[in-house]
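These notes are about the structure you will find just below.
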Amino acid sequence: MTHTTSDNQILETDILVIGGGTAGPMAAVRARQKNPDLRVTVLEKANVKRSGAISMGMDGLNNAVIPGHATPEQYVKEITIANDGIVNQKTVMAYAQRSFDMINLLDEWGVKFEKDETGDYNVKKVHHMGTYVLPMPEGHHMKKILYRQLRRHRVQVVNRYMATRLYTDKDGRIAGASLLNPRTAEVATIKAKAVILCTGAAGRLGLPSSGYLFGTYENPTNAGDGYSMAYHAGAELSGIECYQINPLIKDYNGPACAYVTGPMGGYTANAHGNRFIECDYWSGQMMLEFYRELEGGKGPVFLKLDHLAEETVREIETILHSNERPSRGRFHQHRNTNYREKMVEMHISEIGLCSGHSASGVWIDENARTTVPGLYAAGDLGSVPHNYMLGAFVYGAIAGEDASDYCSDAGFGEISSEDIGTEQQRILAPLHRTDGISPYQMEYKIRRMVNDYLQPPKVPKKMEIGLERFREIREDLPLLYAQDPHELMRANELQFILDCAEMAAHASLYRKESRWGLYHYRVDYPETNNDEWFCHVQTVKGAGGDPECFKREVEPYIVELDDEEKDAYRKLRVASTN
Amino acid sequence: MPLAKISMSVPVVVNAEACIAGKGCTVCVDVCPLDVLAIDKALGAAYMKYDECWYCLPCEADCPTNAITVNIPYLLR
């Protein structure tokens, strides 16, 4: 048993940014630029120098809207169609209109984008319709560049503290957050006028097929913290049934295909070496074809590069082995995989929640505002579909600017000492026991159940059984035992995971149709039903404490779609492989 | 409920002779997103304390004396 001192320390800042990965630093910097008098604090569970999804950089922009290559209107259309029509176009437009300025700002800050002989951005085509991919072959410096800006703008950075819950005042307005130090188990309270959640995806939801808890596609630090905290604070979440599932190298958690190798001639193939999808851009529809091929007689699925010229393969290796997931080379080495000689076996990832890649997030409008006054969300967490890294930067900037304005009128909300006491007892409880169930066992069990019952193809009875199992695990929470502060962090994270699992089951049960290809493939309702389900599905914490879902109308489009474009993402299968 | 200890082979290997943790260096411990590295004070070297690796490589890339090798965890090798 470890003894801790909980001295009811109360800190204060004007804007609290939770998460220092991609959107977080941008939000903090923009808030300070907008109003240098504000106190802006970035709270980071790890260390801002190497945290988040881009801890080792990124190899390109997936969604650059660059004049001469694409227009904001085209991009809005593309994402509307890729997301089967269920988008608040205003939010996608807000991103698209600021995309180019953001690229130029990052360029000014020293991010190296690929340029042609004339110095123009060298944009490549990967999407079904438009041209939006801008490689960053030297993108491994990303975090250093962001860190420099945090220092330059004198943002207060607090590393190695995790937020466990948000506090609201009696009117439901944001008031602050509860903090835990995962090295010392010290707890603290921070008051803030505005909070910007930039906690990334819920990456530790499904269990990777390797069974290794931390071998996830997303940085496993991102346990769904923001989804859970927003939920308990009373915010609306959206599209939780639209899971994130990605095509990855089998057993390794790195992506490989569309953005890097695609423009260089690589493609996704079946066991015969034949193409079976027209377009490698990640969408639910593409994932469904991928899944069918994987499970079919011509499966599994491979990444085909062995037809490429030596110099092309070498260039691909240089990019893939130095950016984003650089341990990929050693993984291949162990298995004697050489891109020149044989195709690379691929598989589908575990399920997760992520708006950056799909559309599951905390509901935000075009100003990054959630439905809780003073609470913002940006990056993979904010419900702007297919937003990726550049979208995280843009929405980080939007959130920082809007929160800065919000603070000029808002005061501090009152946090009740009773709320603080209850929360601190809750987070510290596993440390105060002398034995019990370890966080690893409990997390493993939750995530194994997620795979067994929540993974698509979705079957309602399975999801109901899953909810029963999750309820039983919830009843086991009083047995959770942490041997040290580090395990206490995991014990608290698994409660985020449990919340996300329950929300995923509820939202998936609620939407009685199939949409977004594999992401929401209901076996009992295999067709898309636009008459009843052309709407967002929102999830909130119900009065009884369980997730409740309801429909939210899709806002009228600001960019109309042509009839022949609407099906572009439904015709993904190469005709000869049907 | 009583607990048992299970041994795991861990992916991060530290060359204790090259490691300068004994002189106060904590770079690898600082940059690890999952906070799984620690300093063995008696040995004066860093080591992997928790088997929770994302094999993401900041520890290896940022180590000033190239003392760290990150292997792919055995379960997925």
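Identifiers in the structure tokens: chain A, B, ... in order shown; residue index from 1 per chain; ligand index from 1 in order shown.
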- Contact residues around Pro25 (chain A) with only C-alpha atoms at 7 Å, ignoring same-chain residues under 4 positions, as an MDAnalysis selection string: chainID A and resid 20:21 29 146 150
Neighbours of chain B in chain A at 6 Å, counting only C-alpha atoms, as a PDB file with N, CA and C atoms, in the first residue's frame:
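Final file, part05.pdb:
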```
ATOM      1  N   ALA A  46       2.119  12.605 -20.719  1.00  0.00           N
ATOM      2  CA  ALA A  46       3.510  12.209 -20.943  1.00  0.00           C
ATOM      3  C   ALA A  46       4.366  13.475 -20.908  1.00  0.00           C
ATOM      4  N   ASN A  47       5.155  13.723 -21.950  1.00  0.00           N
ATOM      5  CA  ASN A  47       5.987  14.916 -22.025  1.00  0.00           C
ATOM      6  C   ASN A  47       5.771  15.535 -23.405  1.00  0.00           C
ATOM      7  N   ARG A  50       7.568  14.639 -26.717  1.00  0.00           N
ATOM      8  CA  ARG A  50       7.385  13.398 -27.477  1.00  0.00           C
ATOM      9  C   ARG A  50       6.037  12.768 -27.186  1.00  0.00           C
ATOM     10  N   SER A  51       4.992  13.547 -27.269  1.00  0.00           N
ATOM     11  CA  SER A  51       3.708  12.962 -26.888  1.00  0.00           C
ATOM     12  C   SER A  51       2.752  12.910 -28.068  1.00  0.00           C
ATOM     13  N   SER A 210      -2.468  -9.383 -31.845  1.00  0.00           N
ATOM     14  CA  SER A 210      -1.292  -9.962 -31.192  1.00  0.00           C
ATOM     15  C   SER A 210      -1.557 -10.247 -29.713  1.00  0.00           C
ATOM     16  N   PHE A 214      -0.462  -2.985 -25.603  1.00  0.00           N
ATOM     17  CA  PHE A 214       0.019  -1.672 -26.032  1.00  0.00           C
ATOM     18  C   PHE A 214       0.427  -1.644 -27.502  1.00  0.00           C
ATOM     19  N   GLY A 215       0.139  -2.720 -28.217  1.00  0.00           N
ATOM     20  CA  GLY A 215       0.481  -2.784 -29.645  1.00  0.00           C
ATOM     21  C   GLY A 215      -0.624  -2.211 -30.516  1.00  0.00           C
ATOM     22  N   ASP A 251       0.129  -7.816 -37.588  1.00  0.00           N
ATOM     23  CA  ASP A 251       0.870  -7.863 -36.321  1.00  0.00           C
ATOM     24  C   ASP A 251       1.655  -6.595 -35.989  1.00  0.00           C
ATOM     25  N   ASP A 435      -4.674  -5.798  -1.785  1.00  0.00           N
ATOM     26  CA  ASP A 435      -4.609  -6.752  -2.894  1.00  0.00           C
ATOM     27  C   ASP A 435      -5.896  -6.631  -3.705  1.00  0.00           C
ATOM     28  N   GLY A 436      -6.012  -7.446  -4.737  1.00  0.00           N
ATOM     29  CA  GLY A 436      -7.199  -7.344  -5.585  1.00  0.00           C
ATOM     30  C   GLY A 436      -6.872  -7.697  -7.024  1.00  0.00           C
TER      31      GLY A 436
END
```
- Point-to-point distance from CA of Pro247 (chain A) to CA of Gln455 (chain A), Å rounded to tenths: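 It comes out at 14.7 Å.
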- From region 355-439 of chain A, collect each residue whose DSSP state is strand (DSSP E) and return the set as a count of residues only. 5
- For Ala45 (chain B): contacts at 8 Å, only C-alpha atoms, fewer than 4 positions along chain excluded, given as a PyMOL selection string: chain B and resi 14+16+19-22+39-41
Pull all heavy atoms from the residues just selected and write them as a JSON list (two decimals), in the first residue's frame.
```
[["chain", "number", "residue", "atom", "x", "y", "z"],
["B", 14, "VAL", "N", 18.86, -1.75, -22.40],
["B", 14, "VAL", "CA", 19.77, -0.64, -22.12],
["B", 14, "VAL", "C", 21.19, -1.19, -21.90],
["B", 14, "VAL", "O", 21.38, -2.12, -21.12],
["B", 14, "VAL", "CB", 19.33, 0.14, -20.86],
["B", 14, "VAL", "CG1", 20.28, 1.30, -20.58],
["B", 14, "VAL", "CG2", 17.90, 0.65, -21.02],
["B", 16, "ALA", "N", 24.13, -0.90, -20.06],
["B", 16, "ALA", "CA", 24.42, -0.23, -18.78],
["B", 16, "ALA", "C", 25.78, 0.47, -18.79],
["B", 16, "ALA", "O", 25.99, 1.45, -18.09],
["B", 16, "ALA", "CB", 24.34, -1.23, -17.63],
["B", 19, "CYS", "N", 25.16, 3.78, -20.69],
["B", 19, "CYS", "CA", 24.14, 4.64, -20.09],
["B", 19, "CYS", "C", 24.77, 5.58, -19.05],
["B", 19, "CYS", "O", 25.59, 5.17, -18.24],
["B", 19, "CYS", "CB", 23.07, 3.78, -19.41],
["B", 19, "CYS", "SG", 21.78, 4.73, -18.60],
["B", 20, "ILE", "N", 24.38, 6.85, -19.11],
["B", 20, "ILE", "CA", 24.94, 7.83, -18.16],
["B", 20, "ILE", "C", 23.91, 8.30, -17.13],
["B", 20, "ILE", "O", 23.97, 9.41, -16.62],
["B", 20, "ILE", "CB", 25.56, 9.04, -18.92],
["B", 20, "ILE", "CG1", 24.57, 9.62, -19.94],
["B", 20, "ILE", "CG2", 26.85, 8.62, -19.61],
["B", 20, "ILE", "CD1", 24.99, 10.98, -20.50],
["B", 21, "ALA", "N", 22.93, 7.44, -16.86],
["B", 21, "ALA", "CA", 21.92, 7.78, -15.86],
["B", 21, "ALA", "C", 22.57, 8.05, -14.50],
["B", 21, "ALA", "O", 22.09, 8.89, -13.73],
["B", 21, "ALA", "CB", 20.89, 6.66, -15.74],
["B", 22, "GLY", "N", 23.68, 7.37, -14.24],
["B", 22, "GLY", "CA", 24.40, 7.57, -12.98],
["B", 22, "GLY", "C", 24.91, 8.99, -12.83],
["B", 22, "GLY", "O", 25.14, 9.48, -11.72],
["B", 39, "ILE", "N", 15.08, 4.57, -13.62],
["B", 39, "ILE", "CA", 16.52, 4.50, -13.38],
["B", 39, "ILE", "C", 16.77, 3.54, -12.22],
["B", 39, "ILE", "O", 16.15, 3.66, -11.16],
["B", 39, "ILE", "CB", 17.09, 5.90, -13.00],
["B", 39, "ILE", "CG1", 16.67, 6.98, -14.01],
["B", 39, "ILE", "CG2", 18.61, 5.83, -12.82],
["B", 39, "ILE", "CD1", 17.30, 6.92, -15.36],
["B", 40, "ASP", "N", 17.67, 2.60, -12.45],
["B", 40, "ASP", "CA", 18.13, 1.73, -11.37],
["B", 40, "ASP", "C", 19.28, 2.46, -10.69],
["B", 40, "ASP", "O", 20.38, 2.56, -11.24],
["B", 40, "ASP", "CB", 18.60, 0.39, -11.97],
["B", 40, "ASP", "CG", 19.09, -0.58, -10.89],
["B", 40, "ASP", "OD1", 19.56, -0.09, -9.82],
["B", 40, "ASP", "OD2", 19.03, -1.79, -11.12],
["B", 41, "LYS", "N", 19.02, 3.00, -9.52],
["B", 41, "LYS", "CA", 20.00, 3.88, -8.87],
["B", 41, "LYS", "C", 21.28, 3.14, -8.50],
["B", 41, "LYS", "O", 22.38, 3.67, -8.65],
["B", 41, "LYS", "CB", 19.38, 4.55, -7.64],
["B", 41, "LYS", "CG", 18.32, 5.58, -8.04],
["B", 41, "LYS", "CD", 18.23, 6.72, -7.03],
["B", 41, "LYS", "CE", 17.30, 7.82, -7.51],
["B", 41, "LYS", "NZ", 15.89, 7.61, -7.14]]
```
- Interatomic distance between CA of Arg151 (chain A) and CA of Glu138 (chain A)?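 A separation of 22.5 Å between them.
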- Item | Shortest interatomic distance to Gln74 (chain A) - which of A:Gly284, A:Gly130, A:Pro208, A:Gly299, counting only C-alpha atoms |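 The answer is A:Gly130, which sits nearest to Gln74 (chain A).
Take CA of Gln495 (chain A) and CA of Asp380 (chain A): the distance between them is 19.7 Å.
Using only C-alpha atoms, the protein and nucleic acid residues lying no more than 7 Å from Ser358 (chain A), apart from those fewer than 2 places from it along its own chain, are A:Cys242, A:Tyr243, A:Gln244, A:Cys354, A:Ser355, A:Gly356, A:Ser360, A:Pro385, A:His386.
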- Message: Applying 9 Å and only C-alpha atoms, which residues near region 254-266 of chain A remain after dropping the ones on its own chain fewer than 5 positions away? List them as JSON, numbers by chain.
- Response: {"A": [59, 60, 61, 62, 124, 125, 126, 127, 133, 134, 135, 217, 246, 247, 248, 249, 279, 280, 281, 282, 303, 304, 305, 306, 307, 308, 312, 313, 316, 319, 320, 324, 325, 326, 327, 328]}
